Amino acid sequence: SYLEPAVVEDVLRYSFSRDWYVQLYNHTENSDHLYIEKSCEFSNYYEVMVGAKGDPVGREGMLQHCSHVPKMLVMTKGDAETKAVLAELQSVFGNRIFPVQSNEVFAEIIGENVNKGAAVLHLAGIMGIKADEIMVIGDSHNDLPMMKVAGKRVAMGNADETVKNICDYLTSDCDADGVAAALRKYVLKQ
């Protein structure tokens with residue numbers, strides 16, 4: 001599911017006017033690309049953290065790749081700035097986008113009906129699984145939509161407080177194999 005090309009262009013131009021670091025993903029039948037304005041500390045951090053290298057194409061080059069964009073990302077220097085960027089994007093673009101925080105420095109921009117909750121329900125429908133039979137495990141704001149649709153919700157030990165507050169269970173953090181611990185305890189009953 002892609003963002004409307006006009007929305008991508010508007011978000012890019014707005015981000016450029018605010019001098020934010022923004023990147024976009026472009027997906028076509030044969031390839032996926034990550035486009036960035038230029039290499040910088042943000043793009044280097046993203047490359048190390050996620051393992052995806054962006055193509056530096058400049059602002060005008062980014063504006064040439066507004067079709068087939070499933071996600072955009074604005075990167076900040078910290079949690080407070082990310083929250084401010086998300087609020088500003090929501091205020092400016094309203095329901096044209098769905099901005100969500102995926103970690104302290106990532107403000108993701110996706111389509112309104114594109115989220116982990118919709119994906120979980122879609123997969124469950126294909127597999128004939130009822131929502132109350134689903135267990136999800138998460139730690140961040142972008143996990144909230146799937147938390148709202150699942151029958152059993154598990155928060156990682158390092159989860160954001162908002163996530164912990166809506167979950168039924170708490171497991172250990174990522175560095176202590178929290179997902180494996182939750183699966184052993186709640187699925188395998190070990």
# chains A, B, ... in the order shown; residues from 1 in each chain; ligands from 1
call {"tool": "residues_around", "arguments": {"residues": "region 149-166 of chain A", "least_positions_apart": "4", "cutoff": "8 Å", "atoms": "only C-alpha atoms", "output": "PyMOL selection string"}}
result
chain A and resi 117+121+131-141+143-145+170-174+178-179+182
call {"tool": "residues_around", "arguments": {"residues": "region 1-3 of chain A", "least_positions_apart": "4", "cutoff": "6 Å", "atoms": "only C-alpha atoms", "output": "VMD selection string"}}
result
chain A and resid 68 to 70 111
call {"tool": "write_last_selection", "arguments": {"atoms": "N, CA and C atoms", "output": "mmCIF file, in the first residue's frame"}}
result
data_model
loop_
_atom_site.group_PDB
_atom_site.id
_atom_site.type_symbol
_atom_site.label_atom_id
_atom_site.label_comp_id
_atom_site.auth_asym_id
_atom_site.auth_seq_id
_atom_site.Cartn_x
_atom_site.Cartn_y
_atom_site.Cartn_z
ATOM 1 N N HIS A 68 4.993 4.985 -5.691
ATOM 2 C CA HIS A 68 5.323 3.680 -5.117
ATOM 3 C C HIS A 68 6.110 3.809 -3.812
ATOM 4 N N VAL A 69 5.676 4.724 -2.959
ATOM 5 C CA VAL A 69 6.342 4.959 -1.674
ATOM 6 C C VAL A 69 5.460 4.407 -0.554
ATOM 7 N N PRO A 70 5.871 3.298 0.077
ATOM 8 C CA PRO A 70 5.085 2.756 1.183
ATOM 9 C C PRO A 70 5.357 3.466 2.511
ATOM 10 N N GLY A 111 0.697 5.285 5.266
ATOM 11 C CA GLY A 111 -0.699 5.533 4.937
ATOM 12 C C GLY A 111 -1.597 5.258 6.124
#
call {"tool": "atom_distance", "arguments": {"atom1": "CA of Ser39 (chain A)", "atom2": "CA of Pro99 (chain A)"}}
result
23.8 Å
call {"tool": "select_by_dssp", "arguments": {"residues": "chain A", "states": "alpha helix (DSSP H)", "output": "PyMOL selection string"}}
result
chain A and resi 5-17+41-50+58-63+79-93+116-127+144-149+161-166+178-182
call {"tool": "closest_residue", "arguments": {"among": "A:Val48, A:Ala107, A:Cys40, A:Ala84", "to": "Leu24 (chain A)", "atoms": "only C-alpha atoms"}}
result
A:Ala107
call {"tool": "closest_residue", "arguments": {"among": "A:Asp10, A:Val187, A:Met147, A:Phe16", "to": "Ile97 (chain A)", "atoms": "only C-alpha atoms"}}
result
A:Asp10
call {"tool": "atom_distance", "arguments": {"atom1": "CA of Met146 (chain A)", "atom2": "CA of Gly78 (chain A)"}}
result
24.6 Å
call {"tool": "closest_residue", "arguments": {"among": "A:Thr82, A:Gln23, A:Ser31, A:Thr76", "to": "Val57 (chain A)", "atoms": "only C-alpha atoms"}}
result
A:Gln23
call {"tool": "residues_around", "arguments": {"residues": "Ile109 (chain A)", "least_positions_apart": "6", "cutoff": "6 Å", "atoms": "only C-alpha atoms", "output": "ChimeraX atom specification"}}
result
/A:71-73,98-99
call {"tool": "select_by_dssp", "arguments": {"residues": "chain A", "states": "strand (DSSP E or B)", "output": "VMD selection string"}}
result
chain A and resid 3 21 to 27 32 to 36 55 to 56 69 71 to 75 98 to 103 106 to 110 135 to 138 152 to 155 169 to 170
call {"tool": "write_last_selection", "arguments": {"atoms": "N, CA and C atoms", "output": "short mmCIF file (atom, residue, chain, number, x, y, z; two decimals), in the first residue's frame"}}
result
data_model
loop_
_atom_site.label_atom_id
_atom_site.label_comp_id
_atom_site.auth_asym_id
_atom_site.auth_seq_id
_atom_site.Cartn_x
_atom_site.Cartn_y
_atom_site.Cartn_z
N LEU A 3 1.66 5.51 -0.24
CA LEU A 3 1.21 6.87 -0.01
C LEU A 3 0.90 7.50 -1.37
N TYR A 21 15.83 15.94 8.38
CA TYR A 21 16.35 14.81 7.63
C TYR A 21 15.15 13.93 7.29
N VAL A 22 14.93 13.68 6.02
CA VAL A 22 13.83 12.82 5.58
C VAL A 22 14.35 11.84 4.55
N GLN A 23 13.82 10.64 4.59
CA GLN A 23 14.17 9.64 3.59
C GLN A 23 12.89 8.95 3.15
N LEU A 24 12.94 8.35 1.97
CA LEU A 24 11.76 7.65 1.49
C LEU A 24 12.14 6.32 0.87
N TYR A 25 11.21 5.40 0.98
CA TYR A 25 11.37 4.08 0.39
C TYR A 25 10.54 4.05 -0.87
N ASN A 26 11.12 3.51 -1.93
CA ASN A 26 10.44 3.41 -3.20
C ASN A 26 10.44 1.94 -3.58
N HIS A 27 9.27 1.41 -3.87
CA HIS A 27 9.15 -0.01 -4.19
C HIS A 27 8.54 -0.16 -5.58
N ASP A 32 13.64 -2.44 -4.60
CA ASP A 32 13.34 -1.51 -3.52
C ASP A 32 14.51 -0.54 -3.41
N HIS A 33 14.20 0.72 -3.20
CA HIS A 33 15.24 1.73 -3.04
C HIS A 33 14.95 2.59 -1.83
N LEU A 34 16.02 3.02 -1.20
CA LEU A 34 15.94 4.00 -0.13
C LEU A 34 16.63 5.26 -0.66
N TYR A 35 15.87 6.34 -0.72
CA TYR A 35 16.41 7.59 -1.25
C TYR A 35 16.62 8.59 -0.11
N ILE A 36 17.77 9.24 -0.15
CA ILE A 36 18.11 10.28 0.83
C ILE A 36 18.63 11.50 0.08
N ASP A 55 20.41 5.87 -1.31
CA ASP A 55 20.99 6.50 -2.49
C ASP A 55 20.87 8.01 -2.33
N PRO A 56 22.00 8.72 -2.21
CA PRO A 56 21.94 10.19 -2.09
C PRO A 56 21.65 10.82 -3.45
N VAL A 69 5.68 4.72 -2.96
CA VAL A 69 6.34 4.96 -1.67
C VAL A 69 5.46 4.41 -0.55
N LYS A 71 6.55 4.08 2.63
CA LYS A 71 6.92 4.69 3.91
C LYS A 71 7.96 5.77 3.71
N MET A 72 7.84 6.79 4.56
CA MET A 72 8.85 7.84 4.66
C MET A 72 9.31 7.87 6.11
N LEU A 73 10.44 8.49 6.34
CA LEU A 73 10.97 8.56 7.70
C LEU A 73 11.65 9.90 7.92
N VAL A 74 11.29 10.56 9.02
CA VAL A 74 12.01 11.75 9.47
C VAL A 74 12.80 11.31 10.70
N MET A 75 14.08 11.59 10.71
CA MET A 75 14.92 11.20 11.84
C MET A 75 15.30 12.45 12.63
N PHE A 98 -0.37 8.86 8.31
CA PHE A 98 -0.42 8.28 9.64
C PHE A 98 1.01 8.32 10.18
N PRO A 99 1.36 9.37 10.93
CA PRO A 99 2.72 9.44 11.48
C PRO A 99 2.80 8.66 12.79
N VAL A 100 3.86 7.90 12.95
CA VAL A 100 4.02 7.06 14.13
C VAL A 100 5.49 7.02 14.54
N GLN A 101 5.72 6.96 15.83
CA GLN A 101 7.08 6.88 16.36
C GLN A 101 7.45 5.42 16.53
N SER A 102 8.53 4.99 15.88
CA SER A 102 8.95 3.59 15.98
C SER A 102 10.13 3.40 16.92
N ASN A 103 10.84 4.45 17.25
CA ASN A 103 11.83 4.44 18.32
C ASN A 103 12.09 5.90 18.70
N PHE A 106 12.96 7.96 15.34
CA PHE A 106 12.30 7.69 14.07
C PHE A 106 10.85 8.13 14.10
N ALA A 107 10.50 9.06 13.23
CA ALA A 107 9.12 9.44 12.98
C ALA A 107 8.75 8.88 11.62
N GLU A 108 8.00 7.80 11.60
CA GLU A 108 7.63 7.14 10.35
C GLU A 108 6.34 7.74 9.80
N ILE A 109 6.25 7.82 8.50
CA ILE A 109 5.07 8.35 7.83
C ILE A 109 4.56 7.27 6.89
N ILE A 110 3.38 6.76 7.20
CA ILE A 110 2.78 5.71 6.40
C ILE A 110 1.34 6.09 6.08
N MET A 135 -1.40 -13.61 19.76
CA MET A 135 -0.52 -12.99 20.74
C MET A 135 0.47 -12.12 19.98
N VAL A 136 0.63 -10.89 20.43
CA VAL A 136 1.61 -10.00 19.82
C VAL A 136 2.60 -9.56 20.89
N ILE A 137 3.79 -9.23 20.45
CA ILE A 137 4.85 -8.77 21.35
C ILE A 137 5.41 -7.49 20.76
N GLY A 138 5.51 -6.44 21.56
CA GLY A 138 6.01 -5.19 21.03
C GLY A 138 6.64 -4.29 22.07
N LYS A 152 -3.97 -11.43 23.16
CA LYS A 152 -2.96 -11.44 24.22
C LYS A 152 -1.85 -10.48 23.81
N ARG A 153 -1.55 -9.54 24.68
CA ARG A 153 -0.57 -8.50 24.39
C ARG A 153 0.60 -8.59 25.38
N VAL A 154 1.81 -8.67 24.83
CA VAL A 154 3.01 -8.78 25.65
C VAL A 154 3.93 -7.60 25.35
N ALA A 155 4.34 -6.92 26.40
CA ALA A 155 5.27 -5.81 26.24
C ALA A 155 6.68 -6.29 26.56
N TYR A 169 0.76 -8.69 29.65
CA TYR A 169 1.93 -9.35 30.20
C TYR A 169 3.19 -8.55 29.88
N LEU A 170 4.23 -8.81 30.66
CA LEU A 170 5.53 -8.17 30.47
C LEU A 170 6.57 -9.26 30.39
#
call {"tool": "closest_residue", "arguments": {"among": "A:Asp79, A:Glu29, A:Glu41, A:Glu9", "to": "Arg59 (chain A)", "atoms": "only C-alpha atoms"}}
result
A:Glu9
call {"tool": "atom_distance", "arguments": {"atom1": "CA of Lys53 (chain A)", "atom2": "CA of Lys38 (chain A)"}}
result
11.4 Å
call {"tool": "closest_residue", "arguments": {"among": "A:Val85, A:Cys66, A:Leu183, A:Val105", "to": "Tyr45 (chain A)", "atoms": "only C-alpha atoms"}}
result
A:Val105
call {"tool": "closest_residue", "arguments": {"among": "A:Ala118, A:Leu63, A:Gly125, A:Ala180", "to": "Lys148 (chain A)", "atoms": "only C-alpha atoms"}}
result
A:Ala118
